[in-house]
>>> print(open('entry27.cif').read())   # mmCIF, C-alpha atoms (C1' of nucleotides)
data_start
loop_
_atom_site.label_atom_id
_atom_site.label_comp_id
_atom_site.auth_asym_id
_atom_site.auth_seq_id
_atom_site.Cartn_x
_atom_site.Cartn_y
_atom_site.Cartn_z
CA MET A 1 79.99 94.52 138.44
CA PRO A 2 81.41 92.13 135.83
CA ARG A 3 85.14 92.12 135.70
CA THR A 4 86.79 94.25 133.09
CA SER A 5 87.84 91.90 130.37
CA THR A 6 91.57 91.73 130.46
CA LYS A 7 91.61 88.15 129.37
CA ALA A 8 95.23 87.42 128.57
CA ALA A 9 95.82 86.17 125.08
CA ALA A 10 97.92 83.11 124.62
CA PRO A 11 101.50 84.38 124.48
CA ILE A 12 102.11 84.12 120.78
CA ARG A 13 105.63 84.58 119.52
CA ARG A 14 105.89 87.56 117.24
CA LEU A 15 108.73 88.54 114.98
CA ALA A 16 108.72 92.18 116.02
CA SER A 17 107.82 91.63 119.64
CA ASP A 18 109.59 94.78 120.75
CA TYR A 19 107.31 97.00 118.67
CA ARG A 20 104.96 99.20 120.67
CA LEU A 21 102.12 101.14 119.20
CA GLU A 22 102.51 103.69 121.99
CA GLU A 23 105.85 104.70 120.52
CA GLN A 24 104.30 105.78 117.24
CA VAL A 25 103.81 109.50 117.37
CA GLY A 26 100.69 109.44 115.22
CA PHE A 27 98.91 107.31 117.75
CA LEU A 28 99.92 109.64 120.56
CA LEU A 29 98.82 112.67 118.59
CA ARG A 30 95.46 111.12 117.91
CA ARG A 31 94.86 110.38 121.56
CA ALA A 32 96.00 113.81 122.67
CA TYR A 33 93.69 115.43 120.13
CA GLN A 34 90.82 113.27 121.34
CA ARG A 35 91.43 114.57 124.83
CA ALA A 36 91.63 118.20 123.78
CA SER A 37 88.56 117.91 121.60
CA SER A 38 86.47 116.25 124.27
CA ASN A 39 87.55 118.90 126.76
CA LEU A 40 86.23 121.53 124.39
CA VAL A 41 82.96 119.79 123.64
CA GLU A 42 82.44 119.33 127.35
CA ARG A 43 82.52 123.07 127.80
CA ILE A 44 80.92 124.43 124.65
CA GLY A 45 78.78 121.43 123.82
CA SER A 46 75.81 123.22 125.32
CA TYR A 47 76.14 125.64 122.42
CA ASP A 48 75.92 122.68 120.03
CA LEU A 49 79.29 123.47 118.52
CA THR A 50 82.13 121.14 117.63
CA ALA A 51 85.83 121.96 117.71
CA PRO A 52 86.11 122.45 113.91
CA GLN A 53 83.03 124.66 113.94
CA TYR A 54 84.49 126.75 116.71
CA ALA A 55 87.78 127.06 114.85
CA THR A 56 85.92 128.26 111.79
CA LEU A 57 84.01 130.90 113.70
CA ALA A 58 87.13 132.03 115.55
CA ARG A 59 89.05 132.41 112.32
CA LEU A 60 86.34 134.55 110.81
CA TYR A 61 86.33 136.62 113.96
CA GLU A 62 90.07 137.18 113.65
CA ARG A 63 90.17 137.89 109.96
CA GLY A 64 86.78 139.15 108.84
CA ALA A 65 85.21 137.99 105.59
CA LEU A 66 87.13 135.28 103.74
CA SER A 67 86.52 133.18 100.68
CA GLN A 68 85.32 129.71 101.52
CA ASN A 69 88.46 128.15 100.13
CA LEU A 70 90.87 130.42 102.00
CA LEU A 71 88.86 129.98 105.16
CA GLY A 72 89.26 126.25 104.76
CA ARG A 73 93.02 126.53 104.41
CA LEU A 74 93.19 128.74 107.50
CA VAL A 75 91.41 126.12 109.59
CA ALA A 76 93.16 123.16 107.92
CA MET A 77 90.13 121.76 106.15
CA GLU A 78 89.74 120.46 102.61
CA PRO A 79 87.31 122.28 100.30
CA ALA A 80 84.74 119.51 100.62
CA ASN A 81 84.92 119.68 104.42
CA ILE A 82 84.82 123.42 104.94
CA ARG A 83 81.83 123.50 102.65
CA ASP A 84 79.81 121.27 104.96
CA VAL A 85 80.87 123.18 108.06
CA VAL A 86 79.90 126.48 106.48
CA LEU A 87 76.53 125.05 105.47
CA ARG A 88 75.79 124.04 109.05
CA LEU A 89 76.87 127.37 110.46
CA LYS A 90 74.87 129.16 107.82
CA LYS A 91 71.77 127.15 108.64
CA ARG A 92 72.08 128.45 112.19
CA ARG A 93 72.60 132.04 111.00
CA LEU A 94 76.04 132.23 112.58
CA VAL A 95 77.65 133.08 109.24
CA ALA A 96 76.37 134.65 106.06
CA THR A 97 77.60 134.16 102.51
CA ARG A 98 77.69 136.36 99.43
CA ARG A 99 79.27 136.23 96.02
CA ASP A 100 82.45 138.15 95.41
CA PRO A 101 81.48 140.70 92.75
CA THR A 102 84.95 140.84 91.20
CA ASP A 103 85.67 137.08 91.15
CA LYS A 104 82.59 135.07 90.41
CA ARG A 105 84.21 131.86 91.60
CA LEU A 106 84.42 133.02 95.21
CA ILE A 107 81.91 132.73 97.99
CA LEU A 108 82.68 135.20 100.74
CA ILE A 109 81.87 134.07 104.26
CA ASP A 110 81.50 136.35 107.24
CA LEU A 111 80.13 136.20 110.75
CA THR A 112 76.67 137.52 111.36
CA ALA A 113 76.11 139.79 114.35
CA THR A 114 74.79 136.75 116.16
CA GLY A 115 77.87 134.77 115.23
CA ALA A 116 80.24 137.50 116.37
CA THR A 117 78.47 137.80 119.70
CA LEU A 118 78.67 134.05 120.15
CA VAL A 119 82.40 133.96 119.40
CA GLU A 120 82.98 136.64 121.99
CA GLN A 121 81.26 134.46 124.55
CA LEU A 122 83.17 131.39 123.47
CA ILE A 123 86.70 132.74 123.35
CA PRO A 124 87.21 132.93 127.12
CA ILE A 125 85.65 129.50 127.47
CA GLU A 126 88.04 128.08 124.93
CA ILE A 127 91.01 129.70 126.63
CA ALA A 128 89.95 128.07 129.89
CA CYS A 129 89.54 124.80 128.05
CA THR A 130 93.07 125.00 126.68
CA ALA A 131 94.27 125.52 130.23
CA THR A 132 92.46 122.36 131.28
CA THR A 133 94.00 120.36 128.48
CA LEU A 134 97.45 121.66 129.39
CA ALA A 135 96.96 121.15 133.11
CA PRO A 136 99.37 118.19 133.30
CA LEU A 137 102.22 120.43 132.08
CA ARG A 138 104.22 123.22 133.66
CA ALA A 139 104.38 126.61 131.95
CA ASP A 140 107.81 126.00 130.44
CA GLN A 141 106.70 122.61 129.18
CA ARG A 142 103.67 124.16 127.53
CA ARG A 143 105.81 126.60 125.60
CA LEU A 144 108.04 123.74 124.55
CA LEU A 145 105.06 121.67 123.43
CA TYR A 146 103.79 124.54 121.28
CA ASP A 147 107.13 124.86 119.61
CA LEU A 148 107.45 121.13 118.94
CA LEU A 149 103.88 120.73 117.72
CA SER A 150 104.12 123.73 115.43
CA ARG A 151 107.18 122.27 113.80
CA LEU A 152 105.46 118.92 113.31
CA ALA A 153 102.31 120.54 111.95
CA ASP A 154 104.24 122.68 109.47
CA GLY A 155 106.41 119.78 108.44
CA MET B 156 97.93 131.09 87.45
CA PRO B 157 95.21 133.02 89.26
CA ARG B 158 96.41 134.75 92.35
CA THR B 159 95.92 133.00 95.62
CA SER B 160 92.98 134.68 97.23
CA THR B 161 94.35 136.58 100.18
CA LYS B 162 91.84 139.36 99.76
CA ALA B 163 92.22 141.40 102.93
CA ALA B 164 89.03 141.79 104.88
CA ALA B 165 88.01 145.22 106.03
CA PRO B 166 89.83 145.71 109.34
CA ILE B 167 86.96 145.16 111.72
CA ARG B 168 87.48 146.04 115.35
CA ARG B 169 87.12 142.99 117.55
CA LEU B 170 86.81 142.87 121.29
CA ALA B 171 89.32 140.07 121.73
CA SER B 172 91.65 141.11 118.95
CA ASP B 173 94.67 139.55 120.63
CA TYR B 174 93.18 136.07 120.47
CA ARG B 175 94.91 133.68 118.13
CA LEU B 176 93.61 130.30 117.11
CA GLU B 177 97.17 129.11 116.66
CA GLU B 178 97.68 129.37 120.41
CA GLN B 179 94.95 126.85 121.15
CA VAL B 180 96.59 123.51 121.68
CA GLY B 181 93.67 121.55 120.26
CA PHE B 182 94.08 123.22 116.92
CA LEU B 183 97.80 122.48 116.90
CA LEU B 184 97.18 118.86 117.85
CA ARG B 185 94.66 118.47 115.07
CA ARG B 186 97.09 119.80 112.48
CA ALA B 187 99.96 117.71 113.74
CA TYR B 188 97.79 114.59 113.64
CA GLN B 189 96.72 115.44 110.11
CA ARG B 190 100.36 115.54 109.12
CA ALA B 191 101.24 112.30 110.82
CA SER B 192 98.22 110.53 109.40
CA SER B 193 98.85 111.71 105.86
CA ASN B 194 102.46 110.63 106.16
CA LEU B 195 101.26 107.17 107.06
CA VAL B 196 98.65 106.93 104.34
CA GLU B 197 101.24 108.07 101.84
CA ARG B 198 103.35 105.06 102.69
CA ILE B 199 100.84 102.34 103.42
CA GLY B 200 97.98 103.67 101.30
CA SER B 201 98.91 101.21 98.60
CA TYR B 202 97.81 98.52 101.03
CA ASP B 203 94.44 100.28 101.31
CA LEU B 204 94.83 100.74 105.02
CA THR B 205 94.10 103.78 107.16
CA ALA B 206 95.91 104.80 110.33
CA PRO B 207 93.18 103.49 112.68
CA GLN B 208 93.06 100.22 110.77
CA TYR B 209 96.81 99.86 111.05
CA ALA B 210 96.66 100.62 114.77
CA THR B 211 94.04 97.92 115.20
CA LEU B 212 96.10 95.32 113.38
CA ALA B 213 99.25 96.31 115.24
CA ARG B 214 97.53 96.00 118.59
CA LEU B 215 96.28 92.53 117.76
CA TYR B 216 99.78 91.63 116.67
CA GLU B 217 101.16 92.78 120.01
CA ARG B 218 98.54 91.23 122.21
CA GLY B 219 96.96 88.32 120.42
CA ALA B 220 93.22 87.69 120.51
CA LEU B 221 91.20 90.36 122.29
CA SER B 222 87.54 91.04 122.83
CA GLN B 223 86.18 93.65 120.47
CA ASN B 224 85.51 96.02 123.33
CA LEU B 225 88.93 95.72 124.92
CA LEU B 226 90.56 96.03 121.51
CA GLY B 227 88.68 99.26 121.03
CA ARG B 228 89.91 100.66 124.33
CA LEU B 229 93.47 99.70 123.46
CA VAL B 230 93.31 101.66 120.22
CA ALA B 231 91.26 104.51 121.70
CA MET B 232 88.07 103.85 119.80
CA GLU B 233 84.47 103.80 120.98
CA PRO B 234 82.53 100.53 120.71
CA ALA B 235 80.58 101.77 117.71
CA ASN B 236 83.80 102.74 115.93
CA ILE B 237 85.89 99.66 116.58
CA ARG B 238 82.95 97.60 115.39
CA ASP B 239 83.06 99.19 111.95
CA VAL B 240 86.84 98.91 111.71
CA VAL B 241 86.71 95.23 112.64
CA LEU B 242 83.99 94.63 110.05
CA ARG B 243 86.14 96.12 107.30
CA LEU B 244 89.21 94.17 108.36
CA LYS B 245 87.14 91.02 108.61
CA LYS B 246 85.73 91.52 105.14
CA ARG B 247 89.32 91.54 103.89
CA ARG B 248 90.18 88.42 105.89
CA LEU B 249 92.83 90.25 107.88
CA VAL B 250 91.12 89.37 111.16
CA ALA B 251 88.79 86.60 112.23
CA THR B 252 86.16 86.60 114.94
CA ARG B 253 84.70 83.95 117.22
CA ARG B 254 82.49 83.84 120.26
CA ASP B 255 84.07 83.54 123.67
CA PRO B 256 82.75 80.21 124.97
CA THR B 257 82.82 81.29 128.59
CA ASP B 258 81.32 84.75 128.19
CA LYS B 259 78.67 84.84 125.52
CA ARG B 260 78.75 88.63 125.36
CA LEU B 261 82.27 88.73 123.96
CA ILE B 262 83.45 88.57 120.40
CA LEU B 263 87.09 87.58 120.24
CA ILE B 264 89.11 89.12 117.45
CA ASP B 265 92.43 87.84 116.20
CA LEU B 266 94.70 88.26 113.22
CA THR B 267 94.50 85.71 110.47
CA ALA B 268 97.75 84.36 109.06
CA THR B 269 97.33 86.82 106.21
CA GLY B 270 96.81 89.66 108.66
CA ALA B 271 99.87 88.73 110.72
CA THR B 272 102.03 88.56 107.63
CA LEU B 273 100.76 91.96 106.54
CA VAL B 274 101.50 93.53 109.92
CA GLU B 275 105.03 92.22 109.77
CA GLN B 276 105.47 93.96 106.44
CA LEU B 277 103.90 97.16 107.71
CA ILE B 278 105.72 97.60 111.00
CA PRO B 279 109.04 98.68 109.49
CA ILE B 280 107.19 100.98 107.11
CA GLU B 281 105.36 102.57 110.00
CA ILE B 282 108.58 103.03 111.93
CA ALA B 283 110.09 104.81 108.94
CA CYS B 284 106.96 106.88 108.68
CA THR B 285 107.24 107.96 112.29
CA ALA B 286 110.80 109.03 111.56
CA THR B 287 109.53 111.16 108.68
CA THR B 288 106.92 112.81 110.87
CA LEU B 289 109.54 113.53 113.52
CA ALA B 290 112.13 114.73 111.04
CA PRO B 291 111.81 118.40 112.10
CA LEU B 292 112.91 117.48 115.63
CA ARG B 293 116.19 116.44 117.17
CA ALA B 294 116.42 113.20 119.11
CA ASP B 295 116.20 114.87 122.49
CA GLN B 296 113.21 116.91 121.35
CA ARG B 297 111.47 113.75 120.18
CA ARG B 298 111.82 112.15 123.58
CA LEU B 299 110.50 115.32 125.16
CA LEU B 300 107.54 115.39 122.79
CA TYR B 301 106.64 111.82 123.65
CA ASP B 302 106.68 112.61 127.32
CA LEU B 303 104.55 115.74 126.93
CA LEU B 304 102.05 114.11 124.58
CA SER B 305 101.67 111.07 126.78
CA ARG B 306 100.81 113.26 129.72
CA LEU B 307 98.25 115.18 127.67
CA ALA B 308 96.71 111.99 126.29
CA ASP B 309 96.42 110.41 129.71
CA GLY B 310 95.06 113.59 131.26
"C1'" DC C 311 68.63 82.39 144.69
"C1'" DC C 312 67.45 86.83 142.47
"C1'" DG C 313 66.86 91.48 141.67
"C1'" DA C 314 69.98 95.54 140.96
"C1'" DT C 315 73.80 96.85 138.44
"C1'" DA C 316 77.53 96.59 135.02
"C1'" DT C 317 79.47 95.25 130.65
"C1'" DT C 318 79.32 93.96 125.73
"C1'" DG C 319 77.94 94.75 121.41
"C1'" DT C 320 74.42 96.87 118.07
"C1'" DT C 321 71.77 100.46 115.92
"C1'" DA C 322 70.87 105.11 114.63
"C1'" DT C 323 72.13 109.85 113.96
"C1'" DG C 324 75.05 113.42 112.75
"C1'" DA C 325 79.67 115.55 112.14
"C1'" DT C 326 84.40 115.22 110.51
"C1'" DC C 327 87.84 113.81 107.33
"C1'" DA C 328 90.34 112.64 102.71
"C1'" DT C 329 90.22 111.83 97.83
"C1'" DA C 330 88.90 112.00 93.07
"C1'" DA C 331 86.33 113.78 89.28
"C1'" DC C 332 83.98 117.64 87.46
"C1'" DG C 333 82.22 122.38 85.56
"C1'" DA C 334 82.83 127.27 85.93
"C1'" DT C 335 85.77 131.04 86.23
"C1'" DA C 336 90.21 133.45 86.18
"C1'" DT C 337 94.90 134.13 84.81
"C1'" DC C 338 98.99 133.39 82.17
"C1'" DG C 339 101.81 133.16 78.15
"C1'" DA C 340 102.73 132.79 73.39
"C1'" DT D 341 93.64 137.09 71.44
"C1'" DC D 342 93.32 132.47 72.85
"C1'" DG D 343 94.58 128.11 74.33
"C1'" DA D 344 96.91 126.08 78.43
"C1'" DT D 345 96.84 126.12 83.15
"C1'" DA D 346 95.26 127.19 87.82
"C1'" DT D 347 91.81 128.01 91.27
"C1'" DC D 348 87.11 127.70 93.31
"C1'" DG D 349 83.41 125.29 94.64
"C1'" DT D 350 80.53 120.97 94.16
"C1'" DT D 351 79.46 116.13 94.10
"C1'" DA D 352 80.23 111.42 95.28
"C1'" DT D 353 82.32 107.77 97.92
"C1'" DG D 354 84.02 105.76 101.89
"C1'" DA D 355 86.24 105.90 106.52
"C1'" DT D 356 86.49 107.95 111.12
"C1'" DC D 357 84.53 109.83 115.15
"C1'" DA D 358 81.17 110.73 119.26
"C1'" DT D 359 76.81 110.03 121.48
"C1'" DA D 360 72.54 107.99 122.97
"C1'" DA D 361 69.35 104.30 123.35
"C1'" DC D 362 68.84 99.46 123.47
"C1'" DA D 363 68.91 94.07 124.19
"C1'" DA D 364 71.60 90.32 125.85
"C1'" DT D 365 74.61 88.60 129.14
"C1'" DA D 366 77.33 88.54 133.44
"C1'" DT D 367 78.20 89.71 138.11
"C1'" DC D 368 77.19 91.33 142.65
"C1'" DG D 369 74.76 91.88 147.02
"C1'" DG D 370 71.38 90.70 150.07
#
>>> encode(input="entry27.cif", output="structure tokens")
Amino acid sequence: MPRTSTKAAAPIRRLASDYRLEEQVGFLLRRAYQRASSNLVERIGSYDLTAPQYATLARLYERGALSQNLLGRLVAMEPANIRDVVLRLKKRRLVATRRDPTDKRLILIDLTATGATLVEQLIPIEIACTATTLAPLRADQRRLLYDLLSRLADG
Amino acid sequence: MPRTSTKAAAPIRRLASDYRLEEQVGFLLRRAYQRASSNLVERIGSYDLTAPQYATLARLYERGALSQNLLGRLVAMEPANIRDVVLRLKKRRLVATRRDPTDKRLILIDLTATGATLVEQLIPIEIACTATTLAPLRADQRRLLYDLLSRLADG
DNA sequence: CCGATATTGTTATGATCATAACGATATCGA
DNA sequence: TCGATATCGTTATGATCATAACAATATCGG
């Protein structure tokens, strides 16, 4: 096995040598999300679903039919993004779309029977997956994390 | 102004009606990262840099020349991803590449003088940006968040 | 020394993401 | 009523992301 390349760089003097990327919360958040997302894909990947796709299905399951735009806001996706996700789910017959008769701008999205059945299979898997992601924390720390993250997410 | 579409769906009975997407930590992490990332782009967007690009430059600033692969691991990016980021930074002459003479597999990446100067301008901006992201939290809560996120990120 | 194994980097594919510009539709206000 | 304004969805562009397959190179073990 070749050695892992940890070739030390020449010690260059830097003006802000006490700066550490690890202390930037955005970097930490990105890595923690990577971990959570890969945990999920590991478990539901056999269904060929990604985390955003699962979130979309779960939201529809919670709320019933929604306009594409509102659905996007409820899963934190821009109009251009939720559009693509809906197209993929629609291609697989997990959701169905129809025009809103009273507001011709809207496209209403809802789960198909197939989609609803799938979500019901996935929900317990996702709950177990969340437990895996949170495994390094105690119960009280998990509650605390939820509170802190919610406040960051909502600004 | 047209009303915001909050058209209530027909109240459909769901098997797991107590499930809430908000309680899934991956969803929270994704939204929190979105916030942090958009805070950063808001401040450094005028430099035409994204958060991953900034992280890459900052890491090189901290560590000096690194192989492309190791650089990728240190910014949590897959080989295929760090490659593209390096290409964009190289095109803008913010980094330079050269072959490692002793290991012909490696591509060594380092900041150019221009890149180093840019990082030195960006670091204080990024620190201020982190403060903005963390504004909803008290100092003790910020320390706690770092500890909890680090443990999640490292598994 | 030399074949098995590991690492590095590339290519290809497909899914997120954000942003800006745009037409169609809906609502508001004078 | 009707023009100004807002919302919805689409299109286009470009940057992340993950994964798998692959060639080139390096290292290890016998």
>>> interface_residues(input="entry27.cif", of="chain C", to="chain B", cutoff="12 Å", atoms="only C-alpha atoms (C1' of nucleotides)", output="VMD selection string")
chain C and resid 317 to 322 326 to 329 335 to 339
>>> resolve_selection(input="entry27.cif", expression="the PyMOL selection byres ((chain A) within 6 of (chain B))", output="list in words")
Ala9, Gly26, Leu29, Arg30, Arg31, Ala32, Tyr33, Ala36, Gly64, Ala65, Leu152 and Ala153 of chain A
>>> closest_residue(input="entry27.cif", among="D:DT365, D:DG370, D:DG354, D:DA360", to="chain B", atoms="all atoms listed in the file")
D:DT365
>>> resolve_selection(input="entry27.cif", expression="the PyMOL selection byres ((chain D) within 10 of (chain A))", output="CSV table (one decimal) with C-alpha atoms (C1' of nucleotides), keeping the file's coordinate frame")
chain,number,residue,atom,x,y,z
D,347,DT,C1',91.8,128.0,91.3
D,348,DC,C1',87.1,127.7,93.3
D,349,DG,C1',83.4,125.3,94.6
D,350,DT,C1',80.5,121.0,94.2
D,351,DT,C1',79.5,116.1,94.1
D,357,DC,C1',84.5,109.8,115.2
D,358,DA,C1',81.2,110.7,119.3
D,366,DA,C1',77.3,88.5,133.4
D,367,DT,C1',78.2,89.7,138.1
D,368,DC,C1',77.2,91.3,142.6
>>> atom_distance(input="entry27.cif", atom1="atom CA of B:Gly270", atom2="atom CA of B:Leu244")
8.8 Å
>>> atom_distance(input="entry27.cif", atom1="atom C1' of C:DG324", atom2="atom CA of A:Val85")
12.3 Å
>>> atom_distance(input="entry27.cif", atom1="atom CA of B:Ala251", atom2="atom CA of B:Glu233")
19.8 Å
>>> residues_near_point(input="entry27.cif", point="(89.9, 93.2, 113.8)", cutoff="6 Å", atoms="only C-alpha atoms (C1' of nucleotides)", output="JSON list (two decimals) with C-alpha atoms, in the frame of the given file")
[["chain", "number", "residue", "atom", "x", "y", "z"],
["B", 241, "VAL", "CA", 86.71, 95.23, 112.64],
["B", 244, "LEU", "CA", 89.21, 94.17, 108.36],
["B", 250, "VAL", "CA", 91.12, 89.37, 111.16],
["B", 264, "ILE", "CA", 89.11, 89.12, 117.45]]
>>> axis_aligned_box(input="entry27.cif", around="stretch 88-106 of chain A", padding_each_side="6 Å", output="JSON")
{"center_x": 78.7, "center_y": 132.4, "center_z": 101.5, "size_x": 25.9, "size_y": 28.8, "size_z": 34.2}
>>> decode(input="entry27.cif", residues="stretch 53-80 of chain A", atoms="N, CA and C atoms", output="short mmCIF file (atom, residue, chain, number, x, y, z; two decimals), in the first residue's frame")
data_model
loop_
_atom_site.label_atom_id
_atom_site.label_comp_id
_atom_site.auth_asym_id
_atom_site.auth_seq_id
_atom_site.Cartn_x
_atom_site.Cartn_y
_atom_site.Cartn_z
N GLN A 53 -35.16 14.30 -2.79
CA GLN A 53 -36.34 13.62 -3.32
C GLN A 53 -37.18 13.06 -2.19
N TYR A 54 -36.52 12.47 -1.22
CA TYR A 54 -37.26 11.95 -0.07
C TYR A 54 -37.99 13.07 0.65
N ALA A 55 -37.30 14.18 0.85
CA ALA A 55 -37.93 15.31 1.55
C ALA A 55 -39.18 15.77 0.81
N THR A 56 -39.09 15.78 -0.50
CA THR A 56 -40.23 16.22 -1.30
C THR A 56 -41.42 15.27 -1.13
N LEU A 57 -41.14 13.98 -1.21
CA LEU A 57 -42.21 13.00 -1.03
C LEU A 57 -42.80 13.09 0.38
N ALA A 58 -41.93 13.23 1.37
CA ALA A 58 -42.40 13.27 2.75
C ALA A 58 -43.29 14.49 2.98
N ARG A 59 -42.91 15.61 2.37
CA ARG A 59 -43.71 16.81 2.55
C ARG A 59 -45.09 16.65 1.93
N LEU A 60 -45.13 16.04 0.79
CA LEU A 60 -46.43 15.80 0.15
C LEU A 60 -47.27 14.84 0.98
N TYR A 61 -46.59 13.91 1.60
CA TYR A 61 -47.31 12.95 2.45
C TYR A 61 -47.92 13.66 3.65
N GLU A 62 -47.16 14.60 4.21
CA GLU A 62 -47.66 15.36 5.36
C GLU A 62 -48.82 16.27 4.99
N ARG A 63 -48.68 16.92 3.84
CA ARG A 63 -49.56 18.05 3.56
C ARG A 63 -50.60 17.80 2.49
N GLY A 64 -50.47 16.73 1.74
CA GLY A 64 -51.38 16.53 0.61
C GLY A 64 -50.96 17.41 -0.56
N ALA A 65 -51.85 17.56 -1.53
CA ALA A 65 -51.52 18.28 -2.75
C ALA A 65 -51.05 19.70 -2.47
N LEU A 66 -50.00 20.12 -3.15
CA LEU A 66 -49.46 21.47 -2.99
C LEU A 66 -49.09 21.99 -4.37
N SER A 67 -49.10 23.31 -4.51
CA SER A 67 -48.57 23.88 -5.74
C SER A 67 -47.07 23.63 -5.80
N GLN A 68 -46.54 23.58 -6.98
CA GLN A 68 -45.12 23.29 -7.14
C GLN A 68 -44.27 24.31 -6.40
N ASN A 69 -44.67 25.55 -6.49
CA ASN A 69 -43.90 26.62 -5.86
C ASN A 69 -43.92 26.51 -4.34
N LEU A 70 -45.10 26.30 -3.77
CA LEU A 70 -45.21 26.17 -2.32
C LEU A 70 -44.47 24.94 -1.84
N LEU A 71 -44.61 23.86 -2.58
CA LEU A 71 -43.87 22.65 -2.25
C LEU A 71 -42.38 22.93 -2.18
N GLY A 72 -41.89 23.67 -3.14
CA GLY A 72 -40.49 24.03 -3.15
C GLY A 72 -40.10 24.81 -1.90
N ARG A 73 -40.91 25.77 -1.51
CA ARG A 73 -40.59 26.55 -0.31
C ARG A 73 -40.57 25.65 0.92
N LEU A 74 -41.48 24.69 0.95
CA LEU A 74 -41.59 23.82 2.13
C LEU A 74 -40.47 22.78 2.20
N VAL A 75 -39.74 22.60 1.13
CA VAL A 75 -38.56 21.73 1.20
C VAL A 75 -37.29 22.52 0.94
N ALA A 76 -37.40 23.86 0.99
CA ALA A 76 -36.22 24.73 0.86
C ALA A 76 -35.54 24.57 -0.48
N MET A 77 -36.32 24.61 -1.56
CA MET A 77 -35.74 24.53 -2.88
C MET A 77 -36.26 25.66 -3.77
N GLU A 78 -35.38 26.20 -4.58
CA GLU A 78 -35.75 27.26 -5.51
C GLU A 78 -36.69 26.69 -6.57
N PRO A 79 -37.49 27.57 -7.20
CA PRO A 79 -38.42 27.10 -8.23
C PRO A 79 -37.76 26.26 -9.30
N ALA A 80 -36.57 26.66 -9.74
CA ALA A 80 -35.91 25.90 -10.80
C ALA A 80 -35.50 24.51 -10.31
#
